[in-house]
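Here is query.txt, consisting of compact mmCIF, C-alpha atoms and all ligand atoms:
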```txt
# COMPACT_ATOMS: atom_id res chain seq x y z
CA MET C 1 1.21 65.83 110.54
CA GLU C 2 1.19 67.97 107.39
CA ILE C 3 4.16 69.88 106.00
CA GLU C 4 2.53 73.17 107.17
CA ASP C 5 2.86 71.88 110.76
CA VAL C 6 6.63 71.42 110.49
CA ASN C 7 8.54 74.34 112.03
CA VAL C 8 11.36 72.80 114.01
CA ILE C 9 13.80 70.24 112.64
CA THR C 10 16.44 68.60 114.82
CA VAL C 11 19.47 67.10 113.11
CA LEU C 12 21.41 64.53 115.13
CA GLY C 13 25.09 64.41 114.19
CA ALA C 14 27.01 67.50 113.05
CA GLY C 15 29.43 65.68 110.70
CA SER C 16 29.67 66.13 106.94
CA MET C 17 26.10 65.02 106.27
CA GLY C 18 24.51 66.36 109.47
CA HIS C 19 25.77 69.93 109.12
CA GLY C 20 24.88 69.92 105.41
CA ILE C 21 21.33 68.76 106.12
CA ALA C 22 21.00 71.37 108.88
CA GLU C 23 22.15 74.05 106.40
CA VAL C 24 19.63 72.94 103.76
CA ALA C 25 16.82 72.93 106.35
CA ALA C 26 17.78 76.40 107.63
CA LEU C 27 17.95 77.80 104.09
CA ALA C 28 14.42 76.44 103.57
CA GLY C 29 13.23 78.53 106.54
CA PHE C 30 12.98 75.89 109.29
CA GLU C 31 14.22 76.42 112.84
CA VAL C 32 17.09 73.95 113.17
CA ARG C 33 18.58 72.33 116.26
CA LEU C 34 21.95 70.76 115.43
CA ARG C 35 23.03 68.23 118.04
CA ASP C 36 26.19 66.20 118.59
CA ILE C 37 27.73 64.48 121.59
CA GLU C 38 30.52 67.04 122.19
CA SER C 39 30.46 70.81 121.95
CA GLU C 40 33.60 70.83 119.74
CA LEU C 41 31.76 68.67 117.18
CA VAL C 42 28.77 71.01 117.25
CA ASP C 43 31.03 74.06 116.85
CA ASP C 44 32.85 72.40 113.90
CA GLY C 45 29.47 71.66 112.28
CA ILE C 46 28.31 75.26 112.66
CA GLU C 47 31.64 76.54 111.32
CA SER C 48 31.23 74.30 108.27
CA ILE C 49 27.73 75.71 107.71
CA GLU C 50 29.17 79.24 107.87
CA TRP C 51 31.90 78.29 105.37
CA SER C 52 29.37 76.81 102.98
CA LEU C 53 26.96 79.76 103.28
CA ASP C 54 29.87 82.11 102.53
CA LYS C 55 30.79 80.06 99.44
CA LEU C 56 27.21 80.06 98.19
CA THR C 57 27.07 83.82 98.72
CA GLU C 58 30.40 84.36 96.90
CA GLN C 59 29.14 82.19 94.04
CA GLY C 60 26.01 84.36 93.84
CA GLN C 61 23.73 81.40 94.56
CA ILE C 62 22.17 83.07 97.59
CA GLU C 63 21.95 86.61 99.00
CA ARG C 64 24.07 87.61 102.02
CA ALA C 65 20.90 88.45 104.01
CA ASP C 66 19.47 84.97 103.33
CA ALA C 67 22.74 83.35 104.41
CA ASP C 68 22.75 85.37 107.66
CA ALA C 69 19.09 84.57 108.34
CA ALA C 70 19.72 80.86 107.74
CA LEU C 71 22.64 80.87 110.17
CA ASP C 72 20.49 82.62 112.79
CA ARG C 73 17.95 79.81 112.52
CA VAL C 74 20.52 77.16 113.56
CA SER C 75 21.21 76.51 117.23
CA GLY C 76 23.82 74.07 118.52
CA HIS C 77 23.15 71.49 121.24
CA VAL C 78 24.82 68.73 123.18
CA ASP C 79 21.90 67.95 125.48
CA LEU C 80 19.58 65.59 123.58
CA ALA C 81 16.41 66.46 125.53
CA ALA C 82 16.86 70.19 124.89
CA ALA C 83 17.56 69.54 121.20
CA VAL C 84 14.38 67.55 120.60
CA ASP C 85 11.78 68.88 123.05
CA ASP C 86 9.97 70.93 120.38
CA ALA C 87 11.06 68.99 117.28
CA ASP C 88 8.46 68.22 114.64
CA VAL C 89 10.92 66.10 112.65
CA VAL C 90 14.23 64.59 113.73
CA ILE C 91 16.71 63.75 110.98
CA GLU C 92 19.42 61.45 112.30
CA ALA C 93 22.85 61.52 110.65
CA VAL C 94 25.13 59.79 113.18
CA PRO C 95 27.89 57.34 112.09
CA GLU C 96 26.89 54.53 109.74
CA LYS C 97 27.02 51.72 112.31
CA MET C 98 23.90 49.77 113.31
CA ALA C 99 24.86 49.58 117.01
CA ILE C 100 25.53 53.33 117.29
CA LYS C 101 22.29 54.25 115.54
CA LYS C 102 20.26 51.83 117.69
CA ASP C 103 21.68 53.40 120.89
CA VAL C 104 20.77 56.85 119.58
CA TYR C 105 17.19 55.77 118.81
CA ASP C 106 16.85 54.25 122.28
CA ASP C 107 17.70 57.61 123.85
CA LEU C 108 15.74 59.57 121.26
CA GLU C 109 12.54 57.58 121.81
CA ALA C 110 12.66 58.50 125.50
CA ALA C 111 13.45 62.18 124.87
CA ALA C 112 11.27 63.19 121.90
CA PRO C 113 7.57 64.12 122.00
CA ASP C 114 5.20 61.35 120.79
CA ARG C 115 4.15 63.34 117.71
CA THR C 116 7.73 63.76 116.39
CA VAL C 117 8.53 62.01 113.10
CA PHE C 118 11.93 60.27 112.88
CA ALA C 119 13.88 60.13 109.60
CA THR C 120 17.24 58.39 109.28
CA ASN C 121 19.88 59.54 106.83
CA THR C 122 21.38 56.04 106.78
CA SER C 123 23.19 55.22 103.53
CA SER C 124 22.49 51.49 103.65
CA LEU C 125 21.24 50.08 106.95
CA SER C 126 17.82 48.49 107.42
CA VAL C 127 15.24 51.19 108.17
CA THR C 128 12.89 48.48 109.47
CA GLU C 129 15.47 47.27 112.00
CA LEU C 130 16.22 50.80 113.21
CA ALA C 131 12.52 51.68 113.45
CA ALA C 132 11.91 48.58 115.59
CA VAL C 133 14.04 50.13 118.37
CA THR C 134 11.39 52.85 118.73
CA GLU C 135 7.72 52.79 119.68
CA ARG C 136 6.78 54.70 116.52
CA PRO C 137 7.80 52.55 113.52
CA GLU C 138 4.83 53.95 111.57
CA ARG C 139 6.30 57.47 111.99
CA PHE C 140 9.82 56.44 110.98
CA CYS C 141 11.40 56.30 107.52
CA GLY C 142 14.65 56.85 105.64
CA MET C 143 15.55 60.31 104.32
CA HIS C 144 18.85 59.83 102.52
CA PHE C 145 20.66 62.96 101.35
CA PHE C 146 23.79 63.02 99.17
CA ASN C 147 27.12 64.69 99.77
CA PRO C 148 27.31 67.70 99.68
CA PRO C 149 23.62 68.05 100.66
CA VAL C 150 23.50 71.72 99.74
CA ARG C 151 24.49 70.91 96.12
CA MET C 152 22.92 67.49 95.49
CA GLU C 153 19.31 67.42 94.36
CA LEU C 154 18.26 63.87 95.19
CA VAL C 155 16.77 62.59 98.45
CA GLU C 156 15.89 58.89 98.71
CA VAL C 157 12.79 58.43 100.90
CA ILE C 158 12.82 54.88 102.19
CA ALA C 159 9.82 52.98 103.48
CA GLY C 160 10.43 50.60 106.38
CA ASP C 161 8.04 47.63 106.71
CA ALA C 162 5.86 49.50 109.21
CA THR C 163 6.11 53.05 107.84
CA ASP C 164 2.74 54.79 107.29
CA GLU C 165 2.01 56.25 103.87
CA SER C 166 1.36 59.61 105.57
CA THR C 167 4.91 59.63 106.99
CA LEU C 168 6.42 59.00 103.55
CA GLU C 169 4.29 61.77 102.05
CA LEU C 170 5.32 64.19 104.81
CA ILE C 171 9.03 63.48 104.31
CA GLU C 172 8.66 63.75 100.53
CA ASP C 173 6.94 67.13 101.01
CA LEU C 174 9.75 68.15 103.36
CA ALA C 175 12.37 67.23 100.73
CA VAL C 176 10.51 69.35 98.16
CA GLU C 177 10.28 72.22 100.65
CA MET C 178 14.08 71.97 100.96
CA GLY C 179 14.40 72.31 97.18
CA LYS C 180 15.20 68.62 96.65
CA THR C 181 13.75 65.92 94.41
CA PRO C 182 12.57 62.92 96.43
CA VAL C 183 12.60 59.41 94.99
CA ARG C 184 10.66 56.81 96.93
CA VAL C 185 12.51 53.58 97.71
CA ARG C 186 9.81 50.94 98.14
CA LYS C 187 12.06 48.10 99.22
CA ASP C 188 14.18 48.52 102.33
CA SER C 189 17.19 46.59 101.00
CA PRO C 190 20.89 47.22 101.84
CA GLY C 191 22.23 50.32 100.05
CA PHE C 192 18.73 51.22 98.75
CA ILE C 193 19.07 52.35 95.10
CA VAL C 194 21.96 54.83 94.71
CA ASN C 195 24.49 53.02 96.87
CA ARG C 196 23.71 49.68 95.23
CA ILE C 197 25.05 51.28 92.06
CA LEU C 198 27.63 53.76 93.33
CA VAL C 199 29.47 51.87 96.07
CA PRO C 200 30.31 48.85 93.84
CA LEU C 201 31.69 51.35 91.32
CA MET C 202 33.99 52.81 93.99
CA ASN C 203 34.92 49.29 95.10
CA GLU C 204 35.73 48.13 91.56
CA ALA C 205 37.92 51.23 91.15
CA ALA C 206 39.70 50.29 94.38
CA TRP C 207 40.21 46.68 93.19
CA LEU C 208 41.81 47.99 89.96
CA VAL C 209 44.36 49.90 92.04
CA GLU C 210 44.73 47.04 94.54
CA THR C 211 45.68 44.61 91.76
CA ASP C 212 47.95 47.22 90.13
CA GLU C 213 45.93 47.28 86.92
CA ALA C 214 45.54 51.06 87.04
CA THR C 215 46.58 54.04 89.12
CA VAL C 216 44.24 56.30 91.09
CA ALA C 217 44.78 59.09 88.54
CA GLU C 218 44.12 56.77 85.57
CA VAL C 219 40.88 55.48 87.05
CA ASP C 220 39.68 58.99 87.90
CA SER C 221 40.52 60.32 84.44
CA THR C 222 38.47 57.57 82.80
CA ALA C 223 35.55 58.20 85.15
CA LYS C 224 35.55 61.94 84.41
CA TYR C 225 36.44 62.02 80.74
CA GLY C 226 34.97 58.70 79.62
CA LEU C 227 32.00 58.02 81.87
CA GLY C 228 31.01 61.66 82.18
CA LEU C 229 30.90 61.57 86.00
CA PRO C 230 31.38 64.96 87.73
CA MET C 231 34.12 63.46 89.91
CA GLY C 232 36.45 60.48 89.65
CA ALA C 233 35.67 57.42 91.80
CA PHE C 234 38.51 58.21 94.20
CA GLU C 235 37.75 61.94 94.32
CA LEU C 236 34.20 60.98 95.25
CA ALA C 237 35.35 58.46 97.87
CA ASP C 238 37.43 61.25 99.44
CA GLN C 239 34.48 63.65 99.28
CA VAL C 240 31.99 61.21 100.83
CA GLY C 241 34.49 59.81 103.37
CA ILE C 242 36.32 56.52 102.72
CA ASP C 243 34.99 55.25 106.06
CA VAL C 244 31.40 55.89 104.97
CA GLY C 245 31.89 54.02 101.68
CA TYR C 246 33.70 51.22 103.47
CA HIS C 247 30.98 50.76 106.13
CA VAL C 248 28.26 50.72 103.46
CA LEU C 249 30.19 48.14 101.45
CA ASP C 250 30.96 46.03 104.52
CA TYR C 251 27.24 45.94 105.39
CA MET C 252 26.27 45.10 101.79
CA HIS C 253 28.92 42.34 101.81
CA GLU C 254 27.49 40.93 105.05
CA GLU C 255 23.88 41.11 103.85
CA LEU C 256 24.15 40.49 100.11
CA GLY C 257 27.23 38.34 99.64
CA GLU C 258 30.68 37.96 98.19
CA ARG C 259 30.40 40.25 95.18
CA TYR C 260 30.41 43.24 97.55
CA ARG C 261 33.67 42.25 99.35
CA PRO C 262 35.54 45.54 100.04
CA ALA C 263 38.97 45.95 98.40
CA PRO C 264 41.62 45.77 101.18
CA VAL C 265 42.99 49.21 100.26
CA LEU C 266 39.73 50.72 101.58
CA GLU C 267 40.13 49.02 104.93
CA SER C 268 43.79 50.10 105.17
CA LYS C 269 42.83 53.72 104.53
CA VAL C 270 40.18 53.51 107.25
CA GLU C 271 42.62 51.91 109.69
CA ALA C 272 45.22 54.59 108.93
CA GLY C 273 42.62 57.32 109.53
CA ASP C 274 43.07 58.62 105.97
CA LEU C 275 39.37 59.13 105.37
CA GLY C 276 39.44 61.76 102.62
CA LYS C 277 38.86 65.51 102.63
CA LYS C 278 37.63 65.58 106.22
CA THR C 279 40.96 64.28 107.59
CA GLY C 280 43.20 66.09 105.08
CA ALA C 281 44.22 62.93 103.18
CA GLY C 282 42.62 59.93 101.55
CA PHE C 283 43.39 58.80 98.02
CA TYR C 284 44.52 62.41 97.50
CA ASP C 285 46.35 64.79 99.80
CA TYR C 286 44.46 67.96 100.80
CA ALA C 287 47.06 69.37 103.20
CA ASP C 288 48.06 72.19 100.84
CA GLY C 289 44.51 72.64 99.57
CA ASP C 290 45.11 71.39 96.02
CA GLY C 291 44.01 67.77 96.31
CA ALA C 292 47.28 66.49 94.78
CA GLN C 293 47.57 62.72 94.63
CA VAL C 294 49.07 60.92 97.61
CA PRO C 295 52.38 59.45 96.36
N1 LIG N 1 28.90 74.30 100.06
C1 LIG N 1 29.26 75.35 99.29
N2 LIG N 1 30.21 75.26 98.35
C2 LIG N 1 30.80 74.06 98.18
C3 LIG N 1 30.47 72.93 98.93
C4 LIG N 1 29.47 73.08 99.92
N3 LIG N 1 29.10 72.06 100.70
N4 LIG N 1 31.25 71.89 98.55
C5 LIG N 1 32.04 72.36 97.57
N5 LIG N 1 31.80 73.67 97.37
C6 LIG N 1 32.48 74.60 96.51
C7 LIG N 1 33.94 74.22 96.28
O1 LIG N 1 34.74 74.65 97.35
C8 LIG N 1 34.25 74.98 95.01
O2 LIG N 1 34.55 76.30 95.35
P1 LIG N 1 35.82 77.06 94.67
O3 LIG N 1 35.52 77.08 93.21
O4 LIG N 1 35.82 78.42 95.30
O5 LIG N 1 37.01 76.24 95.01
C9 LIG N 1 32.94 74.97 94.30
O6 LIG N 1 31.91 74.56 95.23
C10 LIG N 1 32.88 73.97 93.18
O7 LIG N 1 31.63 74.14 92.66
P2 LIG N 1 31.42 74.09 91.11
O8 LIG N 1 29.97 74.27 90.86
O9 LIG N 1 32.41 74.96 90.43
O10 LIG N 1 31.91 72.62 90.87
P3 LIG N 1 31.16 71.46 90.28
O11 LIG N 1 30.34 71.88 89.12
O12 LIG N 1 32.19 70.43 90.12
O13 LIG N 1 30.13 70.96 91.41
C11 LIG N 1 29.74 69.17 92.86
C12 LIG N 1 30.56 70.44 92.61
C13 LIG N 1 28.25 69.47 92.88
C14 LIG N 1 30.17 68.66 94.24
C15 LIG N 1 30.03 68.14 91.73
O14 LIG N 1 31.42 67.93 91.64
C16 LIG N 1 29.36 66.81 91.92
O15 LIG N 1 28.18 66.64 91.64
N6 LIG N 1 30.10 65.81 92.43
C17 LIG N 1 29.55 64.47 92.66
C18 LIG N 1 28.96 64.43 94.02
C19 LIG N 1 28.21 63.14 94.26
O16 LIG N 1 28.08 62.28 93.43
N7 LIG N 1 27.70 63.02 95.50
C20 LIG N 1 26.99 61.84 95.91
C21 LIG N 1 27.91 60.99 96.67
S1 LIG N 1 27.13 59.53 97.22
C22 LIG N 1 26.51 59.89 98.70
O17 LIG N 1 26.64 60.97 99.22
C23 LIG N 1 25.75 58.82 99.36
C24 LIG N 1 26.35 58.35 100.62
O18 LIG N 1 25.38 57.55 101.26
C25 LIG N 1 27.61 57.53 100.40
```
Produce structure tokens that represent the structure in this file.
Ligand code: 3HC
Amino acid sequence: MEIEDVNVITVLGAGSMGHGIAEVAALAGFEVRLRDIESELVDDGIESIEWSLDKLTEQGQIERADADAALDRVSGHVDLAAAVDDADVVIEAVPEKMAIKKDVYDDLEAAAPDRTVFATNTSSLSVTELAAVTERPERFCGMHFFNPPVRMELVEVIAGDATDESTLELIEDLAVEMGKTPVRVRKDSPGFIVNRILVPLMNEAAWLVETDEATVAEVDSTAKYGLGLPMGAFELADQVGIDVGYHVLDYMHEELGERYRPAPVLESKVEAGDLGKKTGAGFYDYADGDGAQVP
């Protein structure tokens, strides 16, 4: 398949990454089917797209008419078969757990047309292992967006052991069509490139707080004003979702060893359901909209 043949993109999972990817695809002119397992989740995803399109319009980054046209190109689905029956490419962005993703690919393989290309937005998991659940590992690769997808330029395109060169080229072309810059990841190793660098940084920040060597605010100030990062480590953890960072780290710890052991404070936040912006609290409190630090 060539990029000119791609008209319909199905995004599985309407969470923070899924709805953002759907928005980017719709803005690029593709017909988008956004699917999740419950209608409330789909509705929340579409509402988030509307919020983001409004923001981009207010900021003058896009025209109102383009925002409205993009929204019209997105349809919401719960039924998997209906969401994928005319899909040229499926981008999967369901929770970062191997067992959940494998179940999704089992169902997807049965529901999608043979020609459909599968791309996983996994942050860390083995693309080769996920592809092996399907009967099309040569038409399966990683397409890893960054949060928030509508603002972040990079897309990692990850080759599984059996991925065809033509699949990688198609997904790279698709990323370019979406206004992104693809970087090919040749080796399917845990965390790929970005998360091998970024997640240990977040973890080290968490260890500093865990061992009472620095406060959340002190760490974030140094990251912003000393390291030149656009956000502090904890602000970023809250933006990405503490659960997402924790699951990536946990997998890297399992696969790559002790130096990736997650700081316990991350696990406690996950257990408490304080996952960051999406739940209203994480390392900072978002209840009153100002992101003030949790005492
Ligand atoms: N859509 C539209 N607007 C959005 C938005 C979205 N999805 N998200 C935030 N905004 C809005 C904010 O609400 C704010 O609006 P306001 O001014 O009305 O309150 C505005 O954008 C802020 O935008 P600015 O351009 O003024 O702010 P910045 O210059 O700080 O840019 C940023 C925002 C691009 C998010 C920047 O802070 C940044 O680059 N942060 C780092 C993000 C990052 O590193 N992401 C990667 C995480 S790793 C990852 O995702 C991998 C995963 O596998 C773990």
What do you get as a JSON list (two decimals) with C-alpha atoms, in the frame of the given file if you pick all residues at most 8 Å from ligand LIG 1 (chain N), counting all atoms listed in the file?
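See out15.json below for the written result:
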```
[["chain", "number", "residue", "atom", "x", "y", "z"],
["C", 20, "GLY", "CA", 24.88, 69.92, 105.41],
["C", 49, "ILE", "CA", 27.73, 75.71, 107.71],
["C", 51, "TRP", "CA", 31.90, 78.29, 105.37],
["C", 52, "SER", "CA", 29.37, 76.81, 102.98],
["C", 53, "LEU", "CA", 26.96, 79.76, 103.28],
["C", 54, "ASP", "CA", 29.87, 82.11, 102.53],
["C", 55, "LYS", "CA", 30.79, 80.06, 99.44],
["C", 56, "LEU", "CA", 27.21, 80.06, 98.19],
["C", 59, "GLN", "CA", 29.14, 82.19, 94.04],
["C", 122, "THR", "CA", 21.38, 56.04, 106.78],
["C", 123, "SER", "CA", 23.19, 55.22, 103.53],
["C", 124, "SER", "CA", 22.49, 51.49, 103.65],
["C", 144, "HIS", "CA", 18.85, 59.83, 102.52],
["C", 145, "PHE", "CA", 20.66, 62.96, 101.35],
["C", 146, "PHE", "CA", 23.79, 63.02, 99.17],
["C", 147, "ASN", "CA", 27.12, 64.69, 99.77],
["C", 148, "PRO", "CA", 27.31, 67.70, 99.68],
["C", 149, "PRO", "CA", 23.62, 68.05, 100.66],
["C", 150, "VAL", "CA", 23.50, 71.72, 99.74],
["C", 151, "ARG", "CA", 24.49, 70.91, 96.12],
["C", 152, "MET", "CA", 22.92, 67.49, 95.49],
["C", 191, "GLY", "CA", 22.23, 50.32, 100.05],
["C", 194, "VAL", "CA", 21.96, 54.83, 94.71],
["C", 195, "ASN", "CA", 24.49, 53.02, 96.87],
["C", 198, "LEU", "CA", 27.63, 53.76, 93.33],
["C", 199, "VAL", "CA", 29.47, 51.87, 96.07],
["C", 229, "LEU", "CA", 30.90, 61.57, 86.00],
["C", 230, "PRO", "CA", 31.38, 64.96, 87.73],
["C", 231, "MET", "CA", 34.12, 63.46, 89.91],
["C", 236, "LEU", "CA", 34.20, 60.98, 95.25],
["C", 237, "ALA", "CA", 35.35, 58.46, 97.87],
["C", 239, "GLN", "CA", 34.48, 63.65, 99.28],
["C", 240, "VAL", "CA", 31.99, 61.21, 100.83],
["C", 241, "GLY", "CA", 34.49, 59.81, 103.37],
["C", 244, "VAL", "CA", 31.40, 55.89, 104.97],
["C", 245, "GLY", "CA", 31.89, 54.02, 101.68],
["C", 248, "VAL", "CA", 28.26, 50.72, 103.46]]
```
Report as a list in words all protein, DNA and RNA residues lying within 10 Å of Asp85 of chain C, evaluated on only C-alpha atoms, omitting residues in the same chain fewer than 5 positions from it.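 Result of the neighbour search: Val8, Thr10, Leu80, Ala111, Ala112, Pro113 and Thr116 of chain C.
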Could you tell me, as a VMD selection string, which residues have any atom at most 10 Å from (34.0, 40.5, 99.0), counting only C-alpha atoms? chain C and resid 203 249 to 250 252 to 254 256 to 264
Would you mind exporting C-alpha atoms of the selected residues as a PDB file, keeping the file's coordinate frame?
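Result file is again_24.pdb:
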```pdb
ATOM      1  CA  ASN C 203      34.920  49.290  95.100  1.00  0.00           C
ATOM      2  CA  LEU C 249      30.190  48.140 101.450  1.00  0.00           C
ATOM      3  CA  ASP C 250      30.960  46.030 104.520  1.00  0.00           C
ATOM      4  CA  MET C 252      26.270  45.100 101.790  1.00  0.00           C
ATOM      5  CA  HIS C 253      28.920  42.340 101.810  1.00  0.00           C
ATOM      6  CA  GLU C 254      27.490  40.930 105.050  1.00  0.00           C
ATOM      7  CA  LEU C 256      24.150  40.490 100.110  1.00  0.00           C
ATOM      8  CA  GLY C 257      27.230  38.340  99.640  1.00  0.00           C
ATOM      9  CA  GLU C 258      30.680  37.960  98.190  1.00  0.00           C
ATOM     10  CA  ARG C 259      30.400  40.250  95.180  1.00  0.00           C
ATOM     11  CA  TYR C 260      30.410  43.240  97.550  1.00  0.00           C
ATOM     12  CA  ARG C 261      33.670  42.250  99.350  1.00  0.00           C
ATOM     13  CA  PRO C 262      35.540  45.540 100.040  1.00  0.00           C
ATOM     14  CA  ALA C 263      38.970  45.950  98.400  1.00  0.00           C
ATOM     15  CA  PRO C 264      41.620  45.770 101.180  1.00  0.00           C
TER      16      PRO C 264
END
```
With distances taken over all atoms listed in the file, the candidate from C:Glu47, C:Glu92, C:Asp188, C:Glu267 nearest Trp207 of chain C is C:Glu267
C:Cys141, C:Ala87, C:Val104, C:Ala14: which is nearest Ser166 of chain C, counting only C-alpha atoms? C:Cys141
For segment 159-170 of chain C, I'd like the enclosing box, axis-aligned and padded by 5 Å on every side, reported as AutoDock Vina command-line options with centre and edge lengths in Å to one decimal.
```
--center_x 5.9 --center_y 55.9 --center_z 105.6 --size_x 19.1 --size_y 26.6 --size_z 17.2
```
Asp243 of chain C surroundings by all atoms listed in the file, 8 Å radius, close-in-sequence under 4 positions cut, as a JSON list (two decimals) with C-alpha atoms, in the coordinates of the input:
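Resulting contents of result-v9.json:
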```
[["chain", "number", "residue", "atom", "x", "y", "z"],
["C", 247, "HIS", "CA", 30.98, 50.76, 106.13],
["C", 266, "LEU", "CA", 39.73, 50.72, 101.58],
["C", 270, "VAL", "CA", 40.18, 53.51, 107.25],
["C", 275, "LEU", "CA", 39.37, 59.13, 105.37]]
```
With distances taken over all atoms listed in the file, which residue among C:Lys277, C:Arg136, C:His19, C:His77 lies nearest Ile91 of chain C?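 Among the listed residues, the smallest separation from Ile91 of chain C belongs to C:His19.
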Please provide the set of residues having any atom within 12 Å of Leu208 of chain C, restricted to only C-alpha atoms, with same-chain residues fewer than 4 positions apart removed, written as a VMD selection string. chain C and resid 201 to 204 212 to 220 233 to 234 263 to 265
Quote the spacing between atom CA of Asp5 of chain C and atom CA of Asp88 of chain C in Å to one decimal place. 7.7 Å
Would you mind reading off the distance between atom CA of Ala99 of chain C and atom CA of Phe140 of chain C, one decimal, in Å? 17.6 Å
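Interatomic distance, atom CA of Ile62 of chain C against atom CA of Tyr286 of chain C: 27.1 Å.
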Extract, using all atoms listed in the file, all DNA, RNA and protein residues at most 10 Å from Ala22 of chain C, discarding same-chain residues fewer than 3 positions from it, and format them as a VMD selection string. chain C and resid 9 to 14 17 to 19 25 to 28 30 to 35 45 to 46 49 70 to 71 73 to 75 91 149 to 150
Save out the residues we just selected, C-alpha atoms, as a compact mmCIF listing (two decimals), keeping the file's coordinate frame.
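What ended up in out.txt:
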```txt
# COMPACT_ATOMS: atom_id res chain seq x y z
CA ILE C 9 13.80 70.24 112.64
CA THR C 10 16.44 68.60 114.82
CA VAL C 11 19.47 67.10 113.11
CA LEU C 12 21.41 64.53 115.13
CA GLY C 13 25.09 64.41 114.19
CA ALA C 14 27.01 67.50 113.05
CA MET C 17 26.10 65.02 106.27
CA GLY C 18 24.51 66.36 109.47
CA HIS C 19 25.77 69.93 109.12
CA ALA C 25 16.82 72.93 106.35
CA ALA C 26 17.78 76.40 107.63
CA LEU C 27 17.95 77.80 104.09
CA ALA C 28 14.42 76.44 103.57
CA PHE C 30 12.98 75.89 109.29
CA GLU C 31 14.22 76.42 112.84
CA VAL C 32 17.09 73.95 113.17
CA ARG C 33 18.58 72.33 116.26
CA LEU C 34 21.95 70.76 115.43
CA ARG C 35 23.03 68.23 118.04
CA GLY C 45 29.47 71.66 112.28
CA ILE C 46 28.31 75.26 112.66
CA ILE C 49 27.73 75.71 107.71
CA ALA C 70 19.72 80.86 107.74
CA LEU C 71 22.64 80.87 110.17
CA ARG C 73 17.95 79.81 112.52
CA VAL C 74 20.52 77.16 113.56
CA SER C 75 21.21 76.51 117.23
CA ILE C 91 16.71 63.75 110.98
CA PRO C 149 23.62 68.05 100.66
CA VAL C 150 23.50 71.72 99.74
```
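Shortest atom-to-atom contact with Thr163 of chain C among C:Phe118, C:Phe192, C:Tyr251, C:Tyr246: C:Phe118, counting all atoms listed in the file.
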Min atom-atom distance to Leu125 of chain C from the set C:Arg139, C:Glu58, C:Glu96, C:Glu109, counting only C-alpha atoms, belongs to C:Glu96
